[in-house]
>>> print(open('structure_17.cif').read())   # mmCIF, C-alpha atoms
data_protein
loop_
_atom_site.label_atom_id
_atom_site.label_comp_id
_atom_site.auth_asym_id
_atom_site.auth_seq_id
_atom_site.Cartn_x
_atom_site.Cartn_y
_atom_site.Cartn_z
CA MET V 1 -10.11 15.52 -9.13
CA THR V 2 -13.36 13.62 -9.22
CA ASN V 3 -12.25 9.99 -9.26
CA PHE V 4 -9.79 8.07 -7.08
CA ARG V 5 -8.51 6.33 -10.22
CA ASP V 6 -7.02 9.67 -11.29
CA LEU V 7 -4.78 9.79 -8.20
CA LYS V 8 -1.16 8.97 -8.98
CA VAL V 9 -0.74 7.47 -5.50
CA TRP V 10 -3.63 5.08 -6.10
CA GLN V 11 -2.20 4.09 -9.50
CA SER V 12 1.23 3.44 -7.95
CA ALA V 13 -0.29 1.43 -5.11
CA MET V 14 -2.18 -0.68 -7.65
CA GLN V 15 1.07 -1.37 -9.54
CA LEU V 16 2.75 -2.41 -6.29
CA ALA V 17 -0.16 -4.71 -5.40
CA GLN V 18 0.06 -6.32 -8.83
CA ALA V 19 3.81 -6.87 -8.39
CA ILE V 20 3.17 -8.39 -4.96
CA TYR V 21 0.69 -10.88 -6.40
CA SER V 22 3.23 -11.98 -9.01
CA LEU V 23 5.95 -12.23 -6.38
CA THR V 24 3.95 -14.25 -3.86
CA ALA V 25 2.91 -16.73 -6.55
CA GLU V 26 6.54 -17.91 -6.31
CA PHE V 27 6.47 -18.38 -2.52
CA PRO V 28 6.48 -21.91 -1.08
CA LYS V 29 3.05 -23.54 -1.13
CA SER V 30 3.32 -23.92 2.65
CA GLU V 31 2.92 -20.13 2.89
CA ILE V 32 -0.32 -19.92 0.92
CA TYR V 33 -2.35 -19.33 4.10
CA GLY V 34 0.49 -17.66 5.99
CA LEU V 35 2.92 -14.98 4.93
CA SER V 36 1.86 -15.01 1.27
CA SER V 37 -1.76 -14.32 2.15
CA GLN V 38 -0.82 -11.66 4.70
CA ILE V 39 1.43 -9.83 2.22
CA ARG V 40 -1.30 -9.84 -0.40
CA ARG V 41 -3.89 -8.46 2.03
CA ALA V 42 -1.55 -5.65 3.12
CA ALA V 43 -0.72 -4.79 -0.51
CA VAL V 44 -4.39 -4.66 -1.53
CA SER V 45 -5.26 -2.62 1.55
CA VAL V 46 -3.16 0.35 0.42
CA PRO V 47 -5.04 1.27 -2.80
CA SER V 48 -8.33 0.08 -1.31
CA ASN V 49 -8.10 2.52 1.59
CA ILE V 50 -7.06 5.35 -0.71
CA ALA V 51 -10.15 4.67 -2.82
CA GLU V 52 -12.48 4.29 0.14
CA GLY V 53 -11.22 7.45 1.78
CA HIS V 54 -11.65 9.40 -1.44
CA ALA V 55 -15.27 8.26 -1.63
CA ARG V 56 -16.09 9.42 1.90
CA ASP V 57 -18.09 12.54 2.65
CA SER V 58 -15.54 14.40 4.71
CA THR V 59 -11.89 15.37 4.64
CA LYS V 60 -11.54 14.07 8.19
CA GLU V 61 -12.71 10.61 7.12
CA TYR V 62 -10.44 10.73 4.06
CA LEU V 63 -7.49 11.46 6.37
CA ARG V 64 -8.39 8.47 8.52
CA PHE V 65 -8.30 6.15 5.50
CA ILE V 66 -5.00 7.64 4.31
CA SER V 67 -3.64 6.85 7.77
CA ILE V 68 -4.86 3.26 7.46
CA ALA V 69 -3.22 3.00 4.01
CA MET V 70 0.06 4.21 5.53
CA GLY V 71 -0.21 1.58 8.25
CA SER V 72 -0.83 -1.14 5.67
CA LEU V 73 2.18 0.06 3.71
CA ALA V 74 4.39 -0.24 6.81
CA GLU V 75 2.95 -3.71 7.45
CA LEU V 76 3.75 -4.69 3.85
CA GLU V 77 7.33 -3.45 4.13
CA THR V 78 7.82 -5.46 7.33
CA GLN V 79 6.48 -8.61 5.69
CA LEU V 80 8.70 -8.12 2.65
CA LEU V 81 11.75 -7.78 4.90
CA LEU V 82 10.78 -11.00 6.66
CA SER V 83 10.32 -12.73 3.30
CA GLU V 84 13.85 -11.80 2.35
CA LYS V 85 15.17 -13.12 5.68
CA LEU V 86 13.35 -16.40 5.04
CA SER V 87 14.96 -16.55 1.55
CA TYR V 88 11.60 -16.28 -0.23
CA LEU V 89 12.75 -13.07 -1.84
CA ARG V 90 16.15 -12.06 -3.24
CA PRO V 91 17.76 -8.87 -1.93
CA ALA V 92 17.63 -7.28 -5.41
CA GLY V 93 13.90 -7.96 -5.69
CA LEU V 94 13.32 -6.64 -2.21
CA GLN V 95 15.13 -3.39 -2.97
CA GLY V 96 12.89 -2.56 -5.92
CA LEU V 97 9.73 -3.23 -3.93
CA LEU V 98 10.94 -1.17 -0.98
CA GLU V 99 11.73 1.72 -3.32
CA GLN V 100 8.19 1.54 -4.71
CA ALA V 101 6.79 1.45 -1.18
CA ASP V 102 8.93 4.45 -0.16
CA GLU V 103 7.63 6.46 -3.11
CA ILE V 104 4.04 5.56 -2.27
CA GLY V 105 4.70 6.55 1.35
CA ARG V 106 5.99 9.95 0.23
CA MET V 107 2.91 10.46 -1.93
CA LEU V 108 0.60 9.45 0.92
CA ARG V 109 2.31 11.89 3.28
CA GLY V 110 1.96 14.63 0.66
CA LEU V 111 -1.74 13.86 0.23
CA GLN V 112 -2.14 13.81 4.00
CA LYS V 113 -0.47 17.22 4.31
CA THR V 114 -2.73 18.67 1.60
CA LEU V 115 -5.85 17.28 3.25
CA LYS V 116 -4.82 18.61 6.67
CA LYS V 117 -4.48 22.10 5.17
CA LYS V 118 -8.11 21.88 4.08
CA LEU V 119 -9.11 21.27 7.70
CA ASP V 120 -7.10 24.17 9.14
CA PRO V 121 -8.71 27.59 8.70
#
>>> encode(input="structure_17.cif", output="C-alpha coordinates")
Amino acid sequence: MTNFRDLKVWQSAMQLAQAIYSLTAEFPKSEIYGLSSQIRRAAVSVPSNIAEGHARDSTKEYLRFISIAMGSLAELETQLLLSEKLSYLRPAGLQGLLEQADEIGRMLRGLQKTLKKKLDP
(Lines of atoms letter the chains of each structure in order from A and count residues from 1; the text may use other names and numbers.)
(Lines give C-alpha, C1' and ligand atoms only; values in the text may rest on other atoms or scores of the structure.)
Protein backbone atom coordinates (compact mmCIF):
# COMPACT_ATOMS: atom_id res chain seq x y z
CA MET A 1 0.00 0.00 0.00
CA THR A 2 1.63 3.20 -1.13
CA ASN A 3 -0.87 5.87 -0.11
CA PHE A 4 -2.67 6.53 3.17
CA ARG A 5 -5.84 7.26 1.18
CA ASP A 6 -5.97 3.56 0.31
CA LEU A 7 -6.29 2.58 3.98
CA LYS A 8 -9.82 1.55 4.93
CA VAL A 9 -9.27 2.87 8.46
CA TRP A 10 -8.36 6.31 7.11
CA GLN A 11 -11.43 6.29 4.81
CA SER A 12 -13.69 5.33 7.74
CA ALA A 13 -12.16 7.99 9.97
CA MET A 14 -12.76 10.60 7.26
CA GLN A 15 -16.42 9.55 7.03
CA LEU A 16 -16.76 9.87 10.80
CA ALA A 17 -15.14 13.32 10.76
CA GLN A 18 -17.55 14.42 8.05
CA ALA A 19 -20.51 13.15 10.09
CA ILE A 20 -19.17 15.01 13.14
CA TYR A 21 -19.00 18.28 11.22
CA SER A 22 -22.62 17.89 10.12
CA LEU A 23 -23.69 16.98 13.65
CA THR A 24 -21.92 19.85 15.40
CA ALA A 25 -23.41 22.36 12.96
CA GLU A 26 -26.66 21.70 14.88
CA PHE A 27 -25.13 22.38 18.32
CA PRO A 28 -26.09 25.56 20.18
CA LYS A 29 -24.17 28.61 18.98
CA SER A 30 -22.87 29.05 22.53
CA GLU A 31 -20.76 25.92 21.96
CA ILE A 32 -19.02 27.15 18.81
CA TYR A 33 -15.77 27.79 20.72
CA GLY A 34 -16.39 25.08 23.32
CA LEU A 35 -17.55 21.52 22.95
CA SER A 36 -18.37 21.82 19.24
CA SER A 37 -14.85 22.98 18.41
CA GLN A 38 -13.26 20.35 20.65
CA ILE A 39 -15.29 17.53 19.07
CA ARG A 40 -14.33 18.67 15.59
CA ARG A 41 -10.63 18.83 16.46
CA ALA A 42 -10.70 15.32 17.95
CA ALA A 43 -12.57 13.95 14.92
CA VAL A 44 -10.12 15.51 12.45
CA SER A 45 -7.16 14.31 14.52
CA VAL A 46 -7.96 10.64 13.89
CA PRO A 47 -7.52 10.52 10.08
CA SER A 48 -4.83 13.22 10.24
CA ASN A 49 -2.63 11.14 12.53
CA ILE A 50 -3.19 8.01 10.45
CA ALA A 51 -2.03 9.95 7.39
CA GLU A 52 0.92 11.57 9.13
CA GLY A 53 2.08 8.28 10.60
CA HIS A 54 1.86 6.58 7.22
CA ALA A 55 4.08 9.28 5.73
CA ARG A 56 6.80 8.87 8.36
CA ASP A 57 10.08 7.12 7.69
CA SER A 58 9.85 4.39 10.29
CA THR A 59 7.42 1.82 11.60
CA LYS A 60 8.14 3.01 15.13
CA GLU A 61 7.02 6.54 14.24
CA TYR A 62 3.95 5.18 12.44
CA LEU A 63 3.01 3.28 15.61
CA ARG A 64 3.33 6.46 17.65
CA PHE A 65 0.89 8.28 15.36
CA ILE A 66 -1.54 5.34 15.43
CA SER A 67 -1.42 5.60 19.22
CA ILE A 68 -2.22 9.31 19.01
CA ALA A 69 -5.14 8.56 16.66
CA MET A 70 -6.47 6.03 19.18
CA GLY A 71 -6.23 8.64 21.93
CA SER A 72 -8.11 11.17 19.80
CA LEU A 73 -10.78 8.57 19.11
CA ALA A 74 -11.25 7.98 22.86
CA GLU A 75 -11.41 11.75 23.38
CA LEU A 76 -14.06 12.01 20.66
CA GLU A 77 -16.16 9.25 22.20
CA THR A 78 -16.03 10.98 25.59
CA GLN A 79 -17.12 14.29 24.08
CA LEU A 80 -19.98 12.62 22.21
CA LEU A 81 -21.20 11.02 25.43
CA LEU A 82 -21.11 14.41 27.13
CA SER A 83 -23.01 15.95 24.21
CA GLU A 84 -25.76 13.40 24.68
CA LYS A 85 -25.90 14.14 28.43
CA LEU A 86 -26.24 17.85 27.62
CA SER A 87 -29.10 17.01 25.20
CA TYR A 88 -27.16 18.25 22.17
CA LEU A 89 -27.33 14.78 20.68
CA ARG A 90 -30.14 12.21 20.69
CA PRO A 91 -29.38 8.71 22.01
CA ALA A 92 -30.11 7.17 18.58
CA GLY A 93 -27.64 9.51 16.89
CA LEU A 94 -25.06 8.84 19.55
CA GLN A 95 -25.34 5.08 19.10
CA GLY A 96 -24.54 5.22 15.39
CA LEU A 97 -21.50 7.43 15.96
CA LEU A 98 -20.21 5.23 18.77
CA GLU A 99 -20.57 2.18 16.53
CA GLN A 100 -18.51 3.92 13.85
CA ALA A 101 -15.90 4.87 16.43
CA ASP A 102 -15.77 1.29 17.76
CA GLU A 103 -15.17 -0.05 14.25
CA ILE A 104 -12.40 2.49 13.65
CA GLY A 105 -10.87 1.53 17.00
CA ARG A 106 -10.85 -2.14 15.98
CA MET A 107 -9.18 -1.26 12.68
CA LEU A 108 -6.58 0.89 14.43
CA ARG A 109 -5.78 -1.92 16.87
CA GLY A 110 -5.43 -4.32 13.93
CA LEU A 111 -3.10 -1.93 12.13
CA GLN A 112 -1.14 -1.46 15.34
CA LYS A 113 -0.77 -5.22 15.76
CA THR A 114 0.43 -5.60 12.16
CA LEU A 115 2.97 -2.81 12.56
CA LYS A 116 4.27 -4.25 15.83
CA LYS A 117 4.91 -7.57 14.07
CA LYS A 118 7.15 -5.73 11.62
CA LEU A 119 9.26 -4.50 14.54
CA ASP A 120 9.63 -7.91 16.19
CA PRO A 121 12.22 -10.18 14.57
>>> atom_distance(input="structure_17.cif", atom1="CA of Gly93 in chain V", atom2="CA of Pro28 in chain V")
16.5 Å
>>> closest_residue(input="structure_17.cif", among="V:Ala69, V:Asp120, V:Ala25, V:Glu99", to="His54 in chain V", atoms="all atoms listed in the file")
V:Ala69
>>> atom_distance(input="structure_17.cif", atom1="CA of Lys116 in chain V", atom2="CA of Phe4 in chain V")
18.0 Å
>>> atom_distance(input="structure_17.cif", atom1="CA of Tyr62 in chain V", atom2="CA of Arg41 in chain V")
20.4 Å
>>> resolve_selection(input="structure_17.cif", expression="the PyMOL selection byres ((chain V and resi 9-18) around 8)", output="PyMOL selection string")
chain V and resi 4-8+19-22+40+43-44+46-47+50-51+97+100-101+104+107-108
>>> residues_around(input="structure_17.cif", residues="Leu115 in chain V", least_positions_apart="6", cutoff="9 Å", atoms="all atoms listed in the file", output="list in words")
Thr59, Lys60, Tyr62 and Leu63 of chain V
>>> residues_near_point(input="structure_17.cif", point="(-9.6, 6.7, 6.7)", cutoff="7 Å", atoms="all atoms listed in the file", output="mmCIF file with C-alpha atoms, in the coordinates of the input")
data_model
loop_
_atom_site.group_PDB
_atom_site.id
_atom_site.type_symbol
_atom_site.label_atom_id
_atom_site.label_comp_id
_atom_site.auth_asym_id
_atom_site.auth_seq_id
_atom_site.Cartn_x
_atom_site.Cartn_y
_atom_site.Cartn_z
ATOM 1 C CA ASN V 49 -8.100 2.520 1.590
ATOM 2 C CA GLY V 53 -11.220 7.450 1.780
ATOM 3 C CA GLU V 61 -12.710 10.610 7.120
ATOM 4 C CA TYR V 62 -10.440 10.730 4.060
ATOM 5 C CA LEU V 63 -7.490 11.460 6.370
ATOM 6 C CA ARG V 64 -8.390 8.470 8.520
ATOM 7 C CA PHE V 65 -8.300 6.150 5.500
ATOM 8 C CA ILE V 66 -5.000 7.640 4.310
ATOM 9 C CA SER V 67 -3.640 6.850 7.770
ATOM 10 C CA ILE V 68 -4.860 3.260 7.460
#
>>> closest_residue(input="structure_17.cif", among="V:Leu94, V:Ala55, V:Leu111, V:Leu23", to="Thr78 in chain V", atoms="all atoms listed in the file")
V:Leu94
>>> closest_residue(input="structure_17.cif", among="V:Ser30, V:Ser58, V:Thr114, V:Thr24", to="Ser83 in chain V", atoms="only C-alpha atoms")
V:Thr24
>>> closest_residue(input="structure_17.cif", among="V:Leu98, V:Leu119, V:Leu73, V:Leu89", to="Ser48 in chain V", atoms="only C-alpha atoms")
V:Leu73
